[in-house]
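Source file: protein.tsv (TSV, N, CA, C and O atoms and all ligand atoms)
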chain	number	residue	atom	x	y	z
A	288	MET	N	71.64	-11.28	24.36
A	288	MET	CA	72.26	-12.49	23.82
A	288	MET	C	73.05	-12.11	22.57
A	288	MET	O	72.62	-11.29	21.77
A	289	SER	N	74.23	-12.69	22.43
A	289	SER	CA	75.05	-12.39	21.27
A	289	SER	C	74.46	-13.02	20.02
A	289	SER	O	73.48	-13.74	20.07
A	290	ASN	N	75.08	-12.76	18.92
A	290	ASN	CA	74.64	-13.32	17.65
A	290	ASN	C	75.40	-14.61	17.41
A	290	ASN	O	76.52	-14.60	16.90
A	291	PRO	N	74.84	-15.77	17.80
A	291	PRO	CA	75.58	-17.03	17.67
A	291	PRO	C	75.75	-17.44	16.22
A	291	PRO	O	74.97	-17.07	15.35
A	292	ARG	N	76.80	-18.21	15.99
A	292	ARG	CA	77.08	-18.75	14.66
A	292	ARG	C	77.13	-20.26	14.77
A	292	ARG	O	77.56	-20.81	15.78
A	293	ILE	N	76.70	-20.94	13.72
A	293	ILE	CA	76.63	-22.40	13.72
A	293	ILE	C	77.45	-22.92	12.54
A	293	ILE	O	77.31	-22.45	11.41
A	294	PHE	N	78.33	-23.89	12.85
A	294	PHE	CA	79.10	-24.55	11.80
A	294	PHE	C	78.83	-26.05	11.89
A	294	PHE	O	79.05	-26.67	12.94
A	295	VAL	N	78.34	-26.62	10.81
A	295	VAL	CA	78.13	-28.07	10.72
A	295	VAL	C	79.29	-28.64	9.92
A	295	VAL	O	79.46	-28.32	8.74
A	296	ASN	N	80.09	-29.48	10.58
A	296	ASN	CA	81.24	-30.08	9.92
A	296	ASN	C	80.75	-31.17	8.97
A	296	ASN	O	80.17	-32.16	9.40
A	297	PRO	N	80.98	-31.01	7.68
A	297	PRO	CA	80.47	-31.98	6.72
A	297	PRO	C	81.14	-33.35	6.81
A	297	PRO	O	80.58	-34.35	6.35
A	298	LYS	N	82.30	-33.42	7.44
A	298	LYS	CA	83.00	-34.71	7.57
A	298	LYS	C	82.55	-35.47	8.81
A	298	LYS	O	82.21	-36.64	8.75
A	299	SER	N	82.57	-34.81	9.98
A	299	SER	CA	82.24	-35.49	11.23
A	299	SER	C	80.77	-35.43	11.56
A	299	SER	O	80.26	-36.27	12.30
A	300	GLY	N	80.09	-34.41	11.07
A	300	GLY	CA	78.69	-34.20	11.43
A	300	GLY	C	78.54	-33.38	12.69
A	300	GLY	O	77.42	-33.08	13.11
A	301	SER	N	79.66	-33.02	13.35
A	301	SER	CA	79.57	-32.23	14.57
A	301	SER	C	78.98	-30.85	14.26
A	301	SER	O	79.11	-30.33	13.15
A	302	ILE	N	78.33	-30.29	15.27
A	302	ILE	CA	77.65	-29.01	15.11
A	302	ILE	C	78.19	-28.06	16.16
A	302	ILE	O	77.90	-28.21	17.35
A	303	ARG	N	79.03	-27.11	15.75
A	303	ARG	CA	79.65	-26.18	16.69
A	303	ARG	C	78.86	-24.87	16.70
A	303	ARG	O	78.62	-24.28	15.64
A	304	VAL	N	78.45	-24.46	17.89
A	304	VAL	CA	77.75	-23.20	18.06
A	304	VAL	C	78.70	-22.25	18.78
A	304	VAL	O	79.14	-22.53	19.88
A	305	THR	N	79.04	-21.15	18.12
A	305	THR	CA	79.92	-20.14	18.70
A	305	THR	C	79.09	-18.95	19.12
A	305	THR	O	78.35	-18.38	18.31
A	306	GLY	N	79.19	-18.60	20.40
A	306	GLY	CA	78.40	-17.50	20.93
A	306	GLY	C	77.59	-17.99	22.11
A	306	GLY	O	77.73	-19.13	22.54
A	307	THR	N	76.73	-17.16	22.61
A	307	THR	CA	75.92	-17.49	23.77
A	307	THR	C	74.53	-17.93	23.32
A	307	THR	O	73.88	-17.23	22.54
A	308	VAL	N	74.11	-19.11	23.78
A	308	VAL	CA	72.79	-19.63	23.41
A	308	VAL	C	72.11	-20.21	24.65
A	308	VAL	O	72.77	-20.65	25.59
A	309	ASP	N	70.79	-20.21	24.62
A	309	ASP	CA	70.00	-20.84	25.68
A	309	ASP	C	69.64	-22.25	25.23
A	309	ASP	O	69.13	-22.44	24.13
A	310	LEU	N	69.89	-23.24	26.10
A	310	LEU	CA	69.42	-24.60	25.85
A	310	LEU	C	68.05	-24.71	26.51
A	310	LEU	O	67.90	-24.39	27.69
A	311	VAL	N	67.05	-25.15	25.75
A	311	VAL	CA	65.68	-25.18	26.26
A	311	VAL	C	65.11	-26.59	26.17
A	311	VAL	O	65.58	-27.42	25.38
A	312	ASP	N	64.07	-26.83	26.99
A	312	ASP	CA	63.38	-28.11	26.92
A	312	ASP	C	62.28	-28.03	25.85
A	312	ASP	O	62.14	-27.02	25.15
A	313	ALA	N	61.48	-29.09	25.74
A	313	ALA	CA	60.46	-29.15	24.69
A	313	ALA	C	59.40	-28.06	24.83
A	313	ALA	O	58.73	-27.71	23.86
A	314	ASP	N	59.28	-27.49	26.05
A	314	ASP	CA	58.30	-26.42	26.27
A	314	ASP	C	58.92	-25.04	26.13
A	314	ASP	O	58.25	-24.03	26.35
A	315	GLY	N	60.20	-24.98	25.82
A	315	GLY	CA	60.86	-23.69	25.66
A	315	GLY	C	61.44	-23.12	26.93
A	315	GLY	O	61.91	-21.98	26.93
A	316	ASN	N	61.39	-23.87	28.02
A	316	ASN	CA	61.98	-23.40	29.28
A	316	ASN	C	63.50	-23.48	29.21
A	316	ASN	O	64.04	-24.50	28.79
A	317	ILE	N	64.16	-22.42	29.63
A	317	ILE	CA	65.62	-22.39	29.58
A	317	ILE	C	66.18	-23.33	30.63
A	317	ILE	O	65.88	-23.23	31.82
A	318	LEU	N	67.01	-24.29	30.17
A	318	LEU	CA	67.66	-25.24	31.06
A	318	LEU	C	69.02	-24.72	31.48
A	318	LEU	O	69.45	-24.91	32.61
A	319	GLU	N	69.69	-24.08	30.51
A	319	GLU	CA	71.07	-23.62	30.75
A	319	GLU	C	71.44	-22.63	29.66
A	319	GLU	O	71.00	-22.76	28.52
A	320	THR	N	72.24	-21.66	30.02
A	320	THR	CA	72.79	-20.73	29.03
A	320	THR	C	74.27	-21.04	28.90
A	320	THR	O	74.98	-21.11	29.90
A	321	VAL	N	74.71	-21.29	27.67
A	321	VAL	CA	76.08	-21.73	27.46
A	321	VAL	C	76.75	-20.90	26.36
A	321	VAL	O	76.08	-20.25	25.56
A	322	GLU	N	78.08	-20.96	26.35
A	322	GLU	CA	78.85	-20.32	25.28
A	322	GLU	C	79.68	-21.38	24.60
A	322	GLU	O	80.24	-22.26	25.23
A	323	ASN	N	79.75	-21.31	23.29
A	323	ASN	CA	80.66	-22.14	22.51
A	323	ASN	C	80.50	-23.63	22.83
A	323	ASN	O	81.30	-24.21	23.56
A	324	ILE	N	79.48	-24.21	22.30
A	324	ILE	CA	79.15	-25.61	22.58
A	324	ILE	C	79.21	-26.40	21.27
A	324	ILE	O	79.02	-25.86	20.19
A	325	LYS	N	79.52	-27.70	21.39
A	325	LYS	CA	79.59	-28.54	20.19
A	325	LYS	C	78.74	-29.78	20.40
A	325	LYS	O	78.94	-30.53	21.36
A	326	PHE	N	77.80	-29.97	19.48
A	326	PHE	CA	76.89	-31.11	19.55
A	326	PHE	C	77.35	-32.23	18.64
A	326	PHE	O	77.98	-32.00	17.61
A	327	CYS	N	76.98	-33.46	19.04
A	327	CYS	CA	77.31	-34.63	18.24
A	327	CYS	C	76.29	-34.78	17.11
A	327	CYS	O	75.09	-34.71	17.34
A	328	GLY	N	76.80	-35.00	15.93
A	328	GLY	CA	75.94	-35.28	14.79
A	328	GLY	C	76.24	-36.62	14.17
A	328	GLY	O	75.57	-37.04	13.22
A	329	CYS	N	77.25	-37.32	14.74
A	329	CYS	CA	77.65	-38.61	14.16
A	329	CYS	C	76.96	-39.79	14.86
A	329	CYS	O	76.95	-40.89	14.34
A	330	GLY	N	76.45	-39.55	16.07
A	330	GLY	CA	75.77	-40.60	16.82
A	330	GLY	C	76.69	-41.47	17.66
A	330	GLY	O	76.23	-42.38	18.34
A	331	GLN	N	77.99	-41.20	17.68
A	331	GLN	CA	78.94	-42.05	18.40
A	331	GLN	C	79.32	-41.53	19.78
A	331	GLN	O	79.94	-42.25	20.56
A	332	SER	N	78.97	-40.30	20.10
A	332	SER	CA	79.36	-39.71	21.38
A	332	SER	C	78.75	-40.47	22.56
A	332	SER	O	77.59	-40.88	22.52
A	333	LYS	N	79.52	-40.62	23.62
A	333	LYS	CA	79.01	-41.22	24.85
A	333	LYS	C	78.47	-40.14	25.78
A	333	LYS	O	78.02	-40.44	26.88
A	334	GLU	N	78.55	-38.89	25.34
A	334	GLU	CA	78.06	-37.76	26.14
A	334	GLU	C	76.99	-36.99	25.38
A	334	GLU	O	76.94	-35.76	25.45
A	335	LYS	N	76.17	-37.69	24.61
A	335	LYS	CA	75.13	-37.02	23.83
A	335	LYS	C	74.26	-36.14	24.74
A	335	LYS	O	74.00	-36.54	25.86
A	336	PRO	N	73.89	-34.99	24.29
A	336	PRO	CA	73.94	-34.52	22.92
A	336	PRO	C	75.26	-33.85	22.56
A	336	PRO	O	75.40	-33.35	21.45
A	337	LEU	N	76.22	-33.83	23.48
A	337	LEU	CA	77.47	-33.14	23.19
A	337	LEU	C	78.45	-34.05	22.44
A	337	LEU	O	78.44	-35.26	22.60
A	338	CYS	N	79.30	-33.44	21.67
A	338	CYS	CA	80.38	-34.14	20.98
A	338	CYS	C	81.49	-34.43	21.98
A	338	CYS	O	81.91	-33.53	22.71
A	339	ASP	N	81.95	-35.67	22.05
A	339	ASP	CA	83.06	-36.02	22.94
A	339	ASP	C	84.31	-36.39	22.15
A	339	ASP	O	85.27	-36.90	22.72
A	340	GLY	N	84.30	-36.17	20.86
A	340	GLY	CA	85.46	-36.46	20.04
A	340	GLY	C	85.47	-37.87	19.45
A	340	GLY	O	86.38	-38.23	18.71
A	341	SER	N	84.45	-38.66	19.78
A	341	SER	CA	84.41	-40.03	19.27
A	341	SER	C	84.34	-40.09	17.76
A	341	SER	O	84.73	-41.10	17.16
A	342	HIS	N	83.91	-39.03	17.12
A	342	HIS	CA	83.83	-39.00	15.65
A	342	HIS	C	85.20	-39.14	15.01
A	342	HIS	O	85.31	-39.52	13.86
A	343	LYS	N	86.24	-38.85	15.77
A	343	LYS	CA	87.59	-38.90	15.21
A	343	LYS	C	87.98	-40.31	14.80
A	343	LYS	O	88.85	-40.49	13.96
A	344	GLY	N	87.33	-41.32	15.37
A	344	GLY	CA	87.56	-42.69	14.95
A	344	GLY	C	86.86	-43.02	13.65
A	344	GLY	O	87.15	-44.04	13.02
A	345	LEU	N	85.98	-42.14	13.23
A	345	LEU	CA	85.20	-42.38	12.02
A	345	LEU	C	85.72	-41.59	10.83
A	345	LEU	O	85.51	-41.96	9.69
A	346	THR	N	86.37	-40.44	11.12
A	346	THR	CA	86.80	-39.55	10.04
A	346	THR	C	88.28	-39.23	10.20
A	346	THR	O	88.91	-39.56	11.19
A	347	LYS	N	88.80	-38.53	9.24
A	347	LYS	CA	90.19	-38.08	9.29
A	347	LYS	C	90.24	-36.60	9.59
A	347	LYS	O	91.02	-35.87	9.05
A	348	GLU	N	89.33	-36.15	10.50
A	348	GLU	CA	89.27	-34.74	10.88
A	348	GLU	C	90.49	-34.34	11.66
A	348	GLU	O	91.00	-35.05	12.46
B	1	LIG	S1	80.27	-35.55	16.17
B	1	LIG	FE1	79.77	-37.31	17.27
B	1	LIG	S2	81.37	-37.48	18.71
B	1	LIG	FE2	81.83	-35.71	17.61

Can you dump the structure from the file as structure tokens?
Ligand code: FES
Amino acid sequence: MSNPRIFVNPKSGSIRVTGTVDLVDADGNILETVENIKFCGCGQSKEKPLCDGSHKGLTKE
């Protein structure tokens, strides 16, 4: 697995993960391995837990 990097946008609250990461359930079982994913931190996304860009109506990003 690569060395992923995480950027939390202080304006939108979005959380961008760059690199390869495993998405796991509460028991630690791997659900999916993904690259370069962005999570919603603003609570407005209709595709939670992923960011769908809805934060753009809230900020001037
Ligand atoms: S951070 Fe919530 S939609 Fe982008």

**Q.** At most 12 Å from ligand LIG 1 (chain B) (only C-alpha atoms and all ligand atoms): residue list as a VMD selection string
**A.** chain A and resid 294 to 303 324 to 346 348

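Residues lying within 4.5 Å of segment 305-313 of chain A, counting all atoms listed in the file and ignoring same-chain neighbours fewer than 3 positions away, are Ser289, Asn290, Pro291, Arg292, Asn316, Ile317, Leu318, Glu319, Thr320, Val321, Glu322 and Asn323 of chain A.
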
Q: Run DSSP on the backbone and give me the residues of chain A it puts in helix (DSSP H, G or I), as a PyMOL selection string.
A: chain A and resi 341-344

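Of all the residues in chain A, the ones DSSP labels as strand (DSSP E or B) from the backbone are A:Arg292, A:Ile293, A:Phe294, A:Val295, A:Ile302, A:Arg303, A:Val304, A:Thr305, A:Gly306, A:Thr307, A:Val308, A:Asp309, A:Leu310, A:Val311, A:Ile317, A:Leu318, A:Glu319, A:Thr320, A:Val321, A:Glu322, A:Asn323, A:Ile324, A:Lys325, A:Phe326, A:Leu337.
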
Take segment 327-338 of chain A, model all heavy atoms, and hand the result over as a compact mmCIF listing (two decimals), in the coordinates of the input.
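Just written: result-v5.txt:
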# COMPACT_ATOMS: atom_id res chain seq x y z
N CYS A 327 76.98 -33.46 19.04
CA CYS A 327 77.31 -34.63 18.24
C CYS A 327 76.29 -34.78 17.11
O CYS A 327 75.09 -34.71 17.34
CB CYS A 327 77.28 -35.88 19.11
SG CYS A 327 77.52 -37.41 18.19
N GLY A 328 76.80 -35.00 15.93
CA GLY A 328 75.94 -35.28 14.79
C GLY A 328 76.24 -36.62 14.17
O GLY A 328 75.57 -37.04 13.22
N CYS A 329 77.25 -37.32 14.74
CA CYS A 329 77.65 -38.61 14.16
C CYS A 329 76.96 -39.79 14.86
O CYS A 329 76.95 -40.89 14.34
CB CYS A 329 79.16 -38.78 14.23
SG CYS A 329 79.79 -39.18 15.87
N GLY A 330 76.45 -39.55 16.07
CA GLY A 330 75.77 -40.60 16.82
C GLY A 330 76.69 -41.47 17.66
O GLY A 330 76.23 -42.38 18.34
N GLN A 331 77.99 -41.20 17.68
CA GLN A 331 78.94 -42.05 18.40
C GLN A 331 79.32 -41.53 19.78
O GLN A 331 79.94 -42.25 20.56
CB GLN A 331 80.22 -42.21 17.56
CG GLN A 331 79.99 -42.87 16.22
CD GLN A 331 79.39 -44.26 16.36
OE1 GLN A 331 79.89 -45.08 17.11
NE2 GLN A 331 78.30 -44.51 15.65
N SER A 332 78.97 -40.30 20.10
CA SER A 332 79.36 -39.71 21.38
C SER A 332 78.75 -40.47 22.56
O SER A 332 77.59 -40.88 22.52
CB SER A 332 78.92 -38.25 21.44
OG SER A 332 79.20 -37.71 22.72
N LYS A 333 79.52 -40.62 23.62
CA LYS A 333 79.01 -41.22 24.85
C LYS A 333 78.47 -40.14 25.78
O LYS A 333 78.02 -40.44 26.88
CB LYS A 333 80.12 -42.01 25.53
CG LYS A 333 80.55 -43.23 24.73
CD LYS A 333 81.75 -43.91 25.34
CE LYS A 333 82.19 -45.10 24.51
NZ LYS A 333 82.59 -44.76 23.15
N GLU A 334 78.55 -38.89 25.34
CA GLU A 334 78.06 -37.76 26.14
C GLU A 334 76.99 -36.99 25.38
O GLU A 334 76.94 -35.76 25.45
CB GLU A 334 79.22 -36.86 26.52
CG GLU A 334 80.26 -37.55 27.37
CD GLU A 334 81.41 -36.63 27.75
OE1 GLU A 334 81.20 -35.42 27.87
OE2 GLU A 334 82.52 -37.15 27.91
N LYS A 335 76.17 -37.69 24.61
CA LYS A 335 75.13 -37.02 23.83
C LYS A 335 74.26 -36.14 24.74
O LYS A 335 74.00 -36.54 25.86
CB LYS A 335 74.22 -38.05 23.14
CG LYS A 335 74.92 -38.84 22.07
CD LYS A 335 73.92 -39.78 21.44
CE LYS A 335 74.59 -40.73 20.49
NZ LYS A 335 75.05 -41.96 21.13
N PRO A 336 73.89 -34.99 24.29
CA PRO A 336 73.94 -34.52 22.92
C PRO A 336 75.26 -33.85 22.56
O PRO A 336 75.40 -33.35 21.45
CB PRO A 336 72.79 -33.52 22.85
CG PRO A 336 72.77 -32.92 24.21
CD PRO A 336 73.12 -34.05 25.15
N LEU A 337 76.22 -33.83 23.48
CA LEU A 337 77.47 -33.14 23.19
C LEU A 337 78.45 -34.05 22.44
O LEU A 337 78.44 -35.26 22.60
CB LEU A 337 78.11 -32.67 24.50
CG LEU A 337 77.24 -31.75 25.35
CD1 LEU A 337 77.97 -31.39 26.63
CD2 LEU A 337 76.83 -30.52 24.58
N CYS A 338 79.30 -33.44 21.67
CA CYS A 338 80.38 -34.14 20.98
C CYS A 338 81.49 -34.43 21.98
O CYS A 338 81.91 -33.53 22.71
CB CYS A 338 80.91 -33.26 19.84
SG CYS A 338 82.42 -33.87 19.09
